[in-house]
file final_27.json (JSON, C-alpha atoms)
[["chain", "number", "residue", "atom", "x", "y", "z"],
["K", 1, "MET", "CA", -12.90, 1.66, -45.44],
["K", 2, "GLY", "CA", -13.75, -2.05, -45.32],
["K", 3, "THR", "CA", -15.22, -3.77, -42.34],
["K", 4, "PHE", "CA", -13.18, -5.91, -39.97],
["K", 5, "ASN", "CA", -14.59, -9.10, -38.50],
["K", 6, "ALA", "CA", -12.64, -9.61, -35.29],
["K", 7, "SER", "CA", -14.22, -12.99, -34.62],
["K", 8, "LEU", "CA", -12.60, -14.37, -37.76],
["K", 9, "GLY", "CA", -9.24, -12.71, -37.20],
["K", 10, "LYS", "CA", -6.76, -12.54, -34.38],
["K", 11, "GLY", "CA", -8.85, -10.26, -32.22],
["K", 12, "PHE", "CA", -7.83, -6.74, -31.28],
["K", 13, "ILE", "CA", -4.70, -4.73, -30.59],
["K", 14, "LEU", "CA", -4.89, -2.65, -27.41],
["K", 15, "VAL", "CA", -2.83, 0.49, -27.98],
["K", 16, "GLY", "CA", -2.83, 1.34, -24.28],
["K", 17, "PHE", "CA", -0.30, 4.06, -23.44],
["K", 18, "SER", "CA", 2.19, 3.16, -26.18],
["K", 19, "ASP", "CA", 1.61, 6.65, -27.62],
["K", 20, "PHE", "CA", 3.18, 7.96, -24.39],
["K", 21, "PRO", "CA", 6.33, 5.78, -24.04],
["K", 22, "GLN", "CA", 7.89, 8.23, -21.56],
["K", 23, "LEU", "CA", 5.03, 7.49, -19.12],
["K", 24, "GLU", "CA", 4.92, 3.71, -19.36],
["K", 25, "VAL", "CA", 7.48, 2.89, -16.63],
["K", 26, "PHE", "CA", 5.94, 5.42, -14.24],
["K", 27, "LEU", "CA", 2.43, 4.17, -14.99],
["K", 28, "PHE", "CA", 3.48, 0.54, -14.49],
["K", 29, "VAL", "CA", 4.88, 1.22, -11.00],
["K", 30, "PHE", "CA", 2.03, 3.57, -10.06],
["K", 31, "ILE", "CA", -0.71, 1.19, -11.22],
["K", 32, "LEU", "CA", 0.92, -1.91, -9.70],
["K", 33, "VAL", "CA", 1.22, -0.24, -6.28],
["K", 34, "PHE", "CA", -2.36, 1.02, -6.35],
["K", 35, "TYR", "CA", -3.66, -2.35, -7.56],
["K", 36, "LEU", "CA", -1.97, -4.16, -4.66],
["K", 37, "LEU", "CA", -3.35, -1.57, -2.23],
["K", 38, "THR", "CA", -6.82, -2.04, -3.75],
["K", 39, "LEU", "CA", -6.62, -5.79, -3.20],
["K", 40, "LEU", "CA", -5.44, -5.30, 0.39],
["K", 41, "GLY", "CA", -7.90, -2.51, 1.31],
["K", 42, "ASN", "CA", -11.05, -4.04, -0.13],
["K", 43, "THR", "CA", -10.23, -7.54, 1.09],
["K", 44, "THR", "CA", -9.73, -6.08, 4.56],
["K", 45, "ILE", "CA", -13.16, -4.43, 4.53],
["K", 46, "ILE", "CA", -14.84, -7.68, 3.39],
["K", 47, "ALA", "CA", -13.02, -9.65, 6.11],
["K", 48, "LEU", "CA", -13.82, -7.11, 8.86],
["K", 49, "SER", "CA", -17.49, -7.02, 7.84],
["K", 50, "ARG", "CA", -17.69, -10.75, 8.42],
["K", 51, "LEU", "CA", -15.42, -11.08, 11.48],
["K", 52, "ASP", "CA", -16.68, -8.24, 13.68],
["K", 53, "VAL", "CA", -20.21, -8.61, 15.05],
["K", 54, "ARG", "CA", -20.55, -4.81, 15.38],
["K", 55, "LEU", "CA", -20.33, -4.55, 11.59],
["K", 56, "HIS", "CA", -23.18, -7.00, 10.96],
["K", 57, "THR", "CA", -25.47, -4.15, 9.89],
["K", 58, "PRO", "CA", -27.07, -3.23, 6.55],
["K", 59, "MET", "CA", -24.52, -0.46, 5.92],
["K", 60, "TYR", "CA", -21.55, -2.82, 6.16],
["K", 61, "PHE", "CA", -23.41, -5.58, 4.32],
["K", 62, "PHE", "CA", -23.71, -3.25, 1.32],
["K", 63, "LEU", "CA", -20.16, -1.94, 1.84],
["K", 64, "SER", "CA", -18.78, -5.48, 1.60],
["K", 65, "HIS", "CA", -20.64, -5.87, -1.71],
["K", 66, "LEU", "CA", -19.14, -2.58, -2.89],
["K", 67, "SER", "CA", -15.64, -3.75, -1.96],
["K", 68, "PHE", "CA", -16.17, -7.05, -3.79],
["K", 69, "LEU", "CA", -17.33, -5.15, -6.87],
["K", 70, "ASP", "CA", -14.24, -2.93, -6.74],
["K", 71, "LEU", "CA", -11.99, -5.99, -6.46],
["K", 72, "CYS", "CA", -13.64, -7.65, -9.44],
["K", 73, "TYR", "CA", -13.80, -4.79, -11.90],
["K", 74, "THR", "CA", -10.27, -3.66, -11.11],
["K", 75, "THR", "CA", -9.01, -7.21, -11.66],
["K", 76, "SER", "CA", -10.92, -7.41, -14.95],
["K", 77, "THR", "CA", -8.72, -4.65, -16.46],
["K", 78, "VAL", "CA", -5.53, -3.98, -14.48],
["K", 79, "PRO", "CA", -3.52, -7.24, -14.94],
["K", 80, "GLN", "CA", -3.83, -6.93, -18.70],
["K", 81, "LEU", "CA", -2.88, -3.25, -18.52],
["K", 82, "LEU", "CA", 0.30, -4.15, -16.62],
["K", 83, "ILE", "CA", 1.21, -6.70, -19.30],
["K", 84, "ASN", "CA", 0.45, -4.07, -21.94],
["K", 85, "LEU", "CA", 2.72, -1.51, -20.25],
["K", 86, "CYS", "CA", 5.56, -4.05, -20.23],
["K", 87, "GLY", "CA", 5.17, -4.38, -23.99],
["K", 88, "LEU", "CA", 4.89, -8.17, -23.69],
["K", 89, "ASP", "CA", 1.53, -8.55, -25.39],
["K", 90, "ARG", "CA", -0.83, -5.86, -26.65],
["K", 91, "THR", "CA", -3.38, -8.21, -28.21],
["K", 92, "ILE", "CA", -6.65, -9.62, -26.95],
["K", 93, "SER", "CA", -8.79, -12.26, -28.61],
["K", 94, "TYR", "CA", -12.31, -11.52, -29.80],
["K", 95, "GLY", "CA", -13.79, -13.80, -27.15],
["K", 96, "GLY", "CA", -11.58, -12.26, -24.46],
["K", 97, "CYS", "CA", -12.64, -8.76, -25.48],
["K", 98, "VAL", "CA", -16.35, -9.64, -25.42],
["K", 99, "ALA", "CA", -15.93, -11.27, -22.00],
["K", 100, "GLN", "CA", -14.04, -8.27, -20.64],
["K", 101, "LEU", "CA", -16.63, -5.79, -21.94],
["K", 102, "LEU", "CA", -19.51, -7.90, -20.59],
["K", 103, "ILE", "CA", -17.95, -8.38, -17.14],
["K", 104, "PHE", "CA", -16.79, -4.77, -16.78],
["K", 105, "LEU", "CA", -20.16, -3.30, -17.79],
["K", 106, "ALA", "CA", -21.99, -5.70, -15.48],
["K", 107, "LEU", "CA", -19.82, -4.77, -12.50],
["K", 108, "VAL", "CA", -19.94, -1.01, -13.13],
["K", 109, "SER", "CA", -23.72, -1.10, -13.68],
["K", 110, "THR", "CA", -24.17, -3.06, -10.47],
["K", 111, "GLU", "CA", -22.08, -0.52, -8.57],
["K", 112, "CYS", "CA", -24.23, 2.34, -9.89],
["K", 113, "LEU", "CA", -27.34, 0.64, -8.54],
["K", 114, "LEU", "CA", -25.69, -0.42, -5.28],
["K", 115, "LEU", "CA", -24.64, 3.16, -4.49],
["K", 116, "GLY", "CA", -28.29, 4.16, -4.86],
["K", 117, "VAL", "CA", -29.30, 1.37, -2.48],
["K", 118, "MET", "CA", -26.67, 2.56, 0.03],
["K", 119, "ALA", "CA", -28.12, 6.09, -0.15],
["K", 120, "PHE", "CA", -31.57, 4.68, 0.69],
["K", 121, "ASP", "CA", -30.01, 2.82, 3.62],
["K", 122, "ARG", "CA", -28.50, 6.06, 4.96],
["K", 123, "TYR", "CA", -31.85, 7.82, 4.48],
["K", 124, "ALA", "CA", -33.60, 5.15, 6.57],
["K", 125, "ALA", "CA", -30.89, 5.31, 9.26],
["K", 126, "VAL", "CA", -30.94, 9.11, 9.63],
["K", 127, "CYS", "CA", -34.54, 10.03, 8.81],
["K", 128, "ARG", "CA", -36.32, 6.95, 10.21],
["K", 129, "PRO", "CA", -34.02, 5.83, 13.06],
["K", 130, "LEU", "CA", -36.82, 4.30, 15.19],
["K", 131, "HIS", "CA", -38.02, 2.16, 12.27],
["K", 132, "TYR", "CA", -34.59, 1.49, 10.73],
["K", 133, "THR", "CA", -34.28, -2.17, 11.74],
["K", 134, "THR", "CA", -37.85, -2.81, 10.59],
["K", 135, "ILE", "CA", -37.30, -1.14, 7.22],
["K", 136, "MET", "CA", -33.83, -2.52, 6.46],
["K", 137, "HIS", "CA", -34.47, -6.11, 7.55],
["K", 138, "PRO", "CA", -32.09, -8.84, 6.29],
["K", 139, "GLN", "CA", -34.47, -10.14, 3.61],
["K", 140, "LEU", "CA", -34.86, -6.67, 2.08],
["K", 141, "CYS", "CA", -31.09, -6.09, 2.15],
["K", 142, "GLN", "CA", -30.43, -9.39, 0.40],
["K", 143, "GLY", "CA", -33.17, -8.68, -2.12],
["K", 144, "LEU", "CA", -31.79, -5.22, -2.93],
["K", 145, "ALA", "CA", -28.26, -6.60, -3.34],
["K", 146, "ILE", "CA", -29.41, -9.46, -5.60],
["K", 147, "SER", "CA", -31.57, -7.08, -7.65],
["K", 148, "SER", "CA", -28.57, -4.79, -8.17],
["K", 149, "TRP", "CA", -26.42, -7.68, -9.41],
["K", 150, "VAL", "CA", -29.10, -9.10, -11.71],
["K", 151, "SER", "CA", -30.05, -5.69, -13.17],
["K", 152, "GLY", "CA", -26.38, -4.86, -13.78],
["K", 153, "LEU", "CA", -25.88, -8.15, -15.63],
["K", 154, "VAL", "CA", -29.01, -7.66, -17.76],
["K", 155, "ASN", "CA", -27.93, -4.13, -18.70],
["K", 156, "SER", "CA", -24.46, -5.40, -19.62],
["K", 157, "VAL", "CA", -25.80, -8.24, -21.81],
["K", 158, "ILE", "CA", -28.03, -5.80, -23.72],
["K", 159, "GLN", "CA", -25.31, -3.20, -24.30],
["K", 160, "THR", "CA", -22.58, -5.73, -25.12],
["K", 161, "GLY", "CA", -24.89, -7.38, -27.64],
["K", 162, "LEU", "CA", -25.62, -4.05, -29.34],
["K", 163, "VAL", "CA", -21.95, -3.06, -29.48],
["K", 164, "MET", "CA", -20.53, -6.33, -30.75],
["K", 165, "ALA", "CA", -23.20, -6.61, -33.47],
["K", 166, "MET", "CA", -21.78, -3.53, -35.24],
["K", 167, "PRO", "CA", -19.27, -3.98, -38.10],
["K", 168, "LEU", "CA", -15.93, -2.43, -37.17],
["K", 169, "CYS", "CA", -13.44, -0.67, -39.43],
["K", 170, "SER", "CA", -10.32, -1.58, -37.49],
["K", 171, "HIS", "CA", -8.93, -4.04, -34.96],
["K", 172, "ARG", "CA", -6.83, -1.31, -33.30],
["K", 173, "LEU", "CA", -8.40, -0.15, -30.02],
["K", 174, "ASN", "CA", -6.95, 3.11, -28.70],
["K", 175, "HIS", "CA", -7.47, 2.09, -25.08],
["K", 176, "PHE", "CA", -6.03, -0.27, -22.48],
["K", 177, "PHE", "CA", -9.14, -2.45, -22.25],
["K", 178, "CYS", "CA", -12.26, -3.17, -24.28],
["K", 179, "GLU", "CA", -14.57, -0.27, -23.45],
["K", 180, "MET", "CA", -17.85, 0.61, -25.09],
["K", 181, "PRO", "CA", -17.16, 4.16, -26.43],
["K", 182, "ILE", "CA", -14.11, 2.87, -28.35],
["K", 183, "PHE", "CA", -16.23, 0.39, -30.31],
["K", 184, "LEU", "CA", -18.73, 3.12, -31.19],
["K", 185, "LYS", "CA", -15.85, 5.22, -32.54],
["K", 186, "LEU", "CA", -14.67, 2.28, -34.71],
["K", 187, "ALA", "CA", -18.09, 1.45, -36.17],
["K", 188, "CYS", "CA", -18.28, 1.43, -39.98],
["K", 189, "GLU", "CA", -21.96, 2.25, -40.10],
["K", 190, "ASP", "CA", -24.23, 4.96, -38.74],
["K", 191, "THR", "CA", -24.53, 4.31, -35.00],
["K", 192, "ASN", "CA", -27.26, 6.85, -34.20],
["K", 193, "GLY", "CA", -29.94, 4.21, -33.65],
["K", 194, "THR", "CA", -27.64, 2.06, -31.52],
["K", 195, "GLU", "CA", -26.46, 5.09, -29.55],
["K", 196, "VAL", "CA", -30.05, 6.09, -28.72],
["K", 197, "LYS", "CA", -30.85, 2.60, -27.39],
["K", 198, "MET", "CA", -27.64, 2.49, -25.38],
["K", 199, "PHE", "CA", -28.15, 6.03, -24.09],
["K", 200, "VAL", "CA", -31.56, 5.04, -22.72],
["K", 201, "ALA", "CA", -30.03, 2.01, -20.97],
["K", 202, "ARG", "CA", -27.14, 4.08, -19.56],
["K", 203, "THR", "CA", -29.55, 6.79, -18.38],
["K", 204, "ILE", "CA", -31.58, 4.25, -16.43],
["K", 205, "ILE", "CA", -28.43, 2.83, -14.81],
["K", 206, "LEU", "CA", -26.71, 6.17, -14.12],
["K", 207, "ILE", "CA", -29.31, 8.91, -13.77],
["K", 208, "PHE", "CA", -32.07, 7.10, -11.86],
["K", 209, "PRO", "CA", -29.76, 5.97, -9.01],
["K", 210, "ALA", "CA", -28.15, 9.44, -9.01],
["K", 211, "ALA", "CA", -31.60, 11.03, -8.64],
["K", 212, "LEU", "CA", -32.39, 8.63, -5.79],
["K", 213, "ILE", "CA", -29.09, 9.57, -4.12],
["K", 214, "LEU", "CA", -29.73, 13.31, -4.45],
["K", 215, "GLY", "CA", -33.28, 12.93, -3.13],
["K", 216, "SER", "CA", -32.15, 10.78, -0.20],
["K", 217, "TYR", "CA", -29.42, 13.20, 0.79],
["K", 218, "GLY", "CA", -31.76, 16.16, 0.48],
["K", 219, "HIS", "CA", -33.95, 14.56, 3.18],
["K", 220, "ILE", "CA", -30.84, 13.56, 5.17],
["K", 221, "ALA", "CA", -29.48, 17.13, 5.15],
["K", 222, "ARG", "CA", -32.77, 18.48, 6.50],
["K", 223, "ALA", "CA", -32.87, 15.80, 9.19],
["K", 224, "ILE", "CA", -29.27, 16.47, 10.25],
["K", 225, "LEU", "CA", -29.90, 20.21, 10.56],
["K", 226, "ARG", "CA", -32.70, 19.45, 13.04],
["K", 227, "ILE", "CA", -30.30, 17.56, 15.32],
["K", 228, "LYS", "CA", -29.50, 19.82, 18.28],
["K", 229, "SER", "CA", -26.45, 17.88, 19.47],
["K", 230, "MET", "CA", -23.22, 18.85, 17.68],
["K", 231, "ALA", "CA", -21.83, 15.35, 18.36],
["K", 232, "GLY", "CA", -24.91, 13.85, 16.71],
["K", 233, "ARG", "CA", -24.56, 16.13, 13.70],
["K", 234, "ARG", "CA", -20.88, 15.30, 13.39],
["K", 235, "LYS", "CA", -21.52, 11.56, 13.48],
["K", 236, "ALA", "CA", -24.30, 11.77, 10.88],
["K", 237, "PHE", "CA", -22.25, 13.99, 8.56],
["K", 238, "GLY", "CA", -19.23, 11.70, 8.96],
["K", 239, "THR", "CA", -21.11, 8.55, 7.97],
["K", 240, "CYS", "CA", -23.03, 10.14, 5.10],
["K", 241, "GLY", "CA", -20.07, 12.27, 3.97],
["K", 242, "SER", "CA", -18.04, 9.12, 3.25],
["K", 243, "HIS", "CA", -20.76, 7.81, 0.97],
["K", 244, "LEU", "CA", -21.14, 11.16, -0.81],
["K", 245, "ILE", "CA", -17.42, 11.33, -1.59],
["K", 246, "VAL", "CA", -17.52, 7.82, -3.12],
["K", 247, "VAL", "CA", -20.64, 8.70, -5.12],
["K", 248, "SER", "CA", -19.18, 11.96, -6.46],
["K", 249, "LEU", "CA", -15.96, 10.30, -7.63],
["K", 250, "PHE", "CA", -17.68, 7.33, -9.26],
["K", 251, "TYR", "CA", -20.61, 9.10, -10.91],
["K", 252, "GLY", "CA", -18.50, 12.05, -12.08],
["K", 253, "SER", "CA", -16.14, 9.87, -14.11],
["K", 254, "GLY", "CA", -18.98, 7.57, -15.23],
["K", 255, "ILE", "CA", -21.15, 10.40, -16.56],
["K", 256, "TYR", "CA", -18.15, 11.91, -18.39],
["K", 257, "THR", "CA", -17.38, 8.60, -20.10],
["K", 258, "TYR", "CA", -20.80, 7.18, -20.87],
["K", 259, "LEU", "CA", -23.23, 10.07, -21.26],
["K", 260, "GLN", "CA", -21.37, 12.44, -23.55],
["K", 261, "PRO", "CA", -22.06, 12.25, -27.33],
["K", 262, "ILE", "CA", -19.68, 9.84, -29.04],
["K", 263, "HIS", "CA", -18.44, 12.49, -31.52],
["K", 264, "ARG", "CA", -17.12, 14.50, -28.54],
["K", 265, "TYR", "CA", -15.41, 11.52, -26.94],
["K", 266, "SER", "CA", -11.61, 11.88, -26.88],
["K", 267, "GLU", "CA", -9.81, 8.54, -26.90],
["K", 268, "ASN", "CA", -6.68, 9.88, -25.18],
["K", 269, "GLU", "CA", -8.65, 11.73, -22.50],
["K", 270, "GLY", "CA", -10.84, 8.65, -22.10],
["K", 271, "LYS", "CA", -7.83, 6.49, -21.28],
["K", 272, "PHE", "CA", -6.68, 8.75, -18.45],
["K", 273, "VAL", "CA", -10.21, 9.12, -17.07],
["K", 274, "ALA", "CA", -10.48, 5.31, -17.16],
["K", 275, "VAL", "CA", -7.32, 5.08, -15.04],
["K", 276, "PHE", "CA", -9.13, 7.20, -12.47],
["K", 277, "TYR", "CA", -12.28, 5.09, -12.16],
["K", 278, "THR", "CA", -10.67, 1.67, -12.65],
["K", 279, "ILE", "CA", -7.62, 2.20, -10.41],
["K", 280, "LEU", "CA", -7.93, 5.26, -8.16],
["K", 281, "THR", "CA", -11.60, 5.06, -7.12],
["K", 282, "PRO", "CA", -11.43, 1.42, -5.92],
["K", 283, "ILE", "CA", -8.54, 2.22, -3.54],
["K", 284, "LEU", "CA", -10.18, 5.44, -2.34],
["K", 285, "ASN", "CA", -13.30, 3.56, -1.23],
["K", 286, "PRO", "CA", -11.64, 1.59, 1.61],
["K", 287, "LEU", "CA", -9.52, 4.60, 2.59],
["K", 288, "ILE", "CA", -12.53, 6.90, 2.82],
["K", 289, "TYR", "CA", -14.66, 4.41, 4.73],
["K", 290, "THR", "CA", -11.90, 3.41, 7.18],
["K", 291, "LEU", "CA", -10.22, 6.76, 7.86],
["K", 292, "ARG", "CA", -13.58, 8.50, 8.41],
["K", 293, "ASN", "CA", -15.30, 5.67, 10.26],
["K", 294, "LYS", "CA", -14.68, 4.81, 13.92],
["K", 295, "ASP", "CA", -16.50, 1.45, 13.71],
["K", 296, "VAL", "CA", -14.25, 0.14, 10.94],
["K", 297, "LYS", "CA", -11.10, 1.46, 12.61],
["K", 298, "GLY", "CA", -12.18, -0.11, 15.90],
["K", 299, "ALA", "CA", -12.84, -3.45, 14.22],
["K", 300, "LEU", "CA", -9.44, -3.31, 12.50],
["K", 301, "TRP", "CA", -7.56, -2.63, 15.72],
["K", 302, "LYS", "CA", -9.54, -5.38, 17.45],
["K", 303, "VAL", "CA", -8.57, -7.93, 14.79],
["K", 304, "LEU", "CA", -4.94, -6.79, 14.78],
["K", 305, "GLY", "CA", -4.91, -6.97, 18.57],
["K", 306, "LYS", "CA", -6.18, -10.54, 18.46],
["K", 307, "GLY", "CA", -3.56, -11.40, 15.88],
["K", 308, "THR", "CA", -0.84, -9.93, 18.13],
["K", 309, "ASP", "CA", -2.07, -11.92, 21.12],
["K", 310, "LEU", "CA", -1.96, -15.11, 19.13],
["K", 311, "VAL", "CA", 1.63, -14.48, 18.15]]

call {"tool": "encode", "arguments": {"input": "final_27.json", "output": "structure tokens"}}
result
Amino acid sequence: MGTFNASLGKGFILVGFSDFPQLEVFLFVFILVFYLLTLLGNTTIIALSRLDVRLHTPMYFFLSHLSFLDLCYTTSTVPQLLINLCGLDRTISYGGCVAQLLIFLALVSTECLLLGVMAFDRYAAVCRPLHYTTIMHPQLCQGLAISSWVSGLVNSVIQTGLVMAMPLCSHRLNHFFCEMPIFLKLACEDTNGTEVKMFVARTIILIFPAALILGSYGHIARAILRIKSMAGRRKAFGTCGSHLIVVSLFYGSGIYTYLQPIHRYSENEGKFVAVFYTILTPILNPLIYTLRNKDVKGALWKVLGKGTDLV
């Protein structure tokens, strides 16, 4: 099969869910509703983190970054998916595809690192409570956040460059956005060398933060079990449990997509898993953190109360 140079042609065709026409109307409504809820929920968390003085802490500083990441990477894929489901346009230019892949990988990589940083923050809060404000001072928090963003961007530039340098055998992408495993499946040459390089980069971004999270929560679990007060245990488990739920959802889908061998990757399964981590996980984050967190709920009611008084 001959190679296809997308940069010289009309770009790519995104197949999306056209192979499942009976699901397209349902998926359009489902995804649109969840996208709007994602915008509302994550914007609310960002606003509350800035408006309420009680939330001016490292935990909510990092949570606002997490919400902004979720807003961005959902918006980088969902609007085009909605257009695709309407059947209006299933194409994407070469430049648009490269930009989408670069932005999406950068945001997802940053989130992987940020979740590790948030685990360290919880470790300091639970295991070193007397030194917490000294450890997690504003300069360190800002430095950790900036480092996560910069490292995520660097990882994305490297992986996007490796992927887009490969000759492709087709312009038909069996997905609803430009995702890395799809390009590896379409490559016309042996991708073993490229896969090894990319696997190393993905391992650093996925496994190292995951190991940090597991180590942090191992220490946290031991510290919580030493707490004699049931109320204290409940509060510690509630705060850390929210973060663990987010981590499990995000890393589970990420490891399935990016760490399995490419010859085992199923394009149809990959599309539905991608719906989970691009649409469901971003809306679950604000729900988990608000429904299980008294501080956020208190800040929300306070803001709503002020709004009512003004009216």

call {"tool": "closest_atom_pairs", "arguments": {"input": "final_27.json", "of": "stretch 40-140 of chain K", "to": "stretch 193-209 of chain K", "cutoff": "12 Å", "atoms": "all atoms listed in the file", "output": "JSON lines"}}
result
{"residue": "K:Leu105", "atom": "CA", "partner": "K:Arg202", "partner_atom": "CA", "distance": 10.3}
{"residue": "K:Ala106", "atom": "CA", "partner": "K:Ile205", "partner_atom": "CA", "distance": 10.7}
{"residue": "K:Leu107", "atom": "CA", "partner": "K:Ile205", "partner_atom": "CA", "distance": 11.7}
{"residue": "K:Val108", "atom": "CA", "partner": "K:Ile205", "partner_atom": "CA", "distance": 9.5}
{"residue": "K:Ser109", "atom": "CA", "partner": "K:Ile205", "partner_atom": "CA", "distance": 6.2}
{"residue": "K:Thr110", "atom": "CA", "partner": "K:Ile205", "partner_atom": "CA", "distance": 8.5}
{"residue": "K:Glu111", "atom": "CA", "partner": "K:Ile205", "partner_atom": "CA", "distance": 9.5}
{"residue": "K:Cys112", "atom": "CA", "partner": "K:Leu206", "partner_atom": "CA", "distance": 6.2}
{"residue": "K:Leu113", "atom": "CA", "partner": "K:Pro209", "partner_atom": "CA", "distance": 5.9}
{"residue": "K:Leu114", "atom": "CA", "partner": "K:Pro209", "partner_atom": "CA", "distance": 8.4}
{"residue": "K:Leu115", "atom": "CA", "partner": "K:Pro209", "partner_atom": "CA", "distance": 7.4}
{"residue": "K:Gly116", "atom": "CA", "partner": "K:Pro209", "partner_atom": "CA", "distance": 4.8}
{"residue": "K:Val117", "atom": "CA", "partner": "K:Pro209", "partner_atom": "CA", "distance": 8.0}
{"residue": "K:Met118", "atom": "CA", "partner": "K:Pro209", "partner_atom": "CA", "distance": 10.1}
{"residue": "K:Ala119", "atom": "CA", "partner": "K:Pro209", "partner_atom": "CA", "distance": 9.0}
{"residue": "K:Phe120", "atom": "CA", "partner": "K:Pro209", "partner_atom": "CA", "distance": 10.0}

call {"tool": "write_last_selection", "arguments": {"input": "final_27.json", "atoms": "C-alpha atoms", "output": "compact mmCIF listing (two decimals), in the frame of the given file"}}
result
# COMPACT_ATOMS: atom_id res chain seq x y z
CA LEU K 105 -20.16 -3.30 -17.79
CA ALA K 106 -21.99 -5.70 -15.48
CA LEU K 107 -19.82 -4.77 -12.50
CA VAL K 108 -19.94 -1.01 -13.13
CA SER K 109 -23.72 -1.10 -13.68
CA THR K 110 -24.17 -3.06 -10.47
CA GLU K 111 -22.08 -0.52 -8.57
CA CYS K 112 -24.23 2.34 -9.89
CA LEU K 113 -27.34 0.64 -8.54
CA LEU K 114 -25.69 -0.42 -5.28
CA LEU K 115 -24.64 3.16 -4.49
CA GLY K 116 -28.29 4.16 -4.86
CA VAL K 117 -29.30 1.37 -2.48
CA MET K 118 -26.67 2.56 0.03
CA ALA K 119 -28.12 6.09 -0.15
CA PHE K 120 -31.57 4.68 0.69

call {"tool": "residues_around", "arguments": {"input": "final_27.json", "residues": "K:Phe176", "least_positions_apart": "4", "cutoff": "6 Å", "atoms": "only C-alpha atoms", "output": "ChimeraX atom specification"}}
result
/K:14,16,81

call {"tool": "residues_around", "arguments": {"input": "final_27.json", "residues": "stretch 53-60 of chain K", "least_positions_apart": "4", "cutoff": "7 Å", "atoms": "only C-alpha atoms", "output": "NGL selection string"}}
result
:K and (49 or 64 or 118 or 121 or 136 or 141)

call {"tool": "closest_residue", "arguments": {"input": "final_27.json", "among": "K:Phe61, K:Phe276, K:Phe12, K:Phe250", "to": "K:Cys169", "atoms": "all atoms listed in the file"}}
result
K:Phe12

call {"tool": "closest_residue", "arguments": {"input": "final_27.json", "among": "K:Trp149, K:Phe177, K:Tyr73, K:Phe62", "to": "K:Ile92", "atoms": "all atoms listed in the file"}}
result
K:Phe177

call {"tool": "atom_distance", "arguments": {"input": "final_27.json", "atom1": "atom CA of K:Tyr265", "atom2": "atom CA of K:Met166"}}
result
18.3 Å

call {"tool": "closest_residue", "arguments": {"input": "final_27.json", "among": "K:Leu287, K:Tyr35, K:Leu300, K:Ile146", "to": "K:Arg50", "atoms": "all atoms listed in the file"}}
result
K:Leu300

call {"tool": "closest_residue", "arguments": {"input": "final_27.json", "among": "K:Leu85, K:Ala223, K:Lys302, K:Gly254", "to": "K:Leu23", "atoms": "only C-alpha atoms"}}
result
K:Leu85

call {"tool": "residues_near_point", "arguments": {"input": "final_27.json", "point": "(4.1, 1.4, -11.8)", "cutoff": "12 Å", "atoms": "all atoms listed in the file", "output": "PyMOL selection string"}}
result
chain K and resi 23-36+78-79+81-83+85-86+279

call {"tool": "closest_residue", "arguments": {"input": "final_27.json", "among": "K:His137, K:Asn268, K:Gly87, K:Leu259", "to": "K:Pro21", "atoms": "only C-alpha atoms"}}
result
K:Gly87
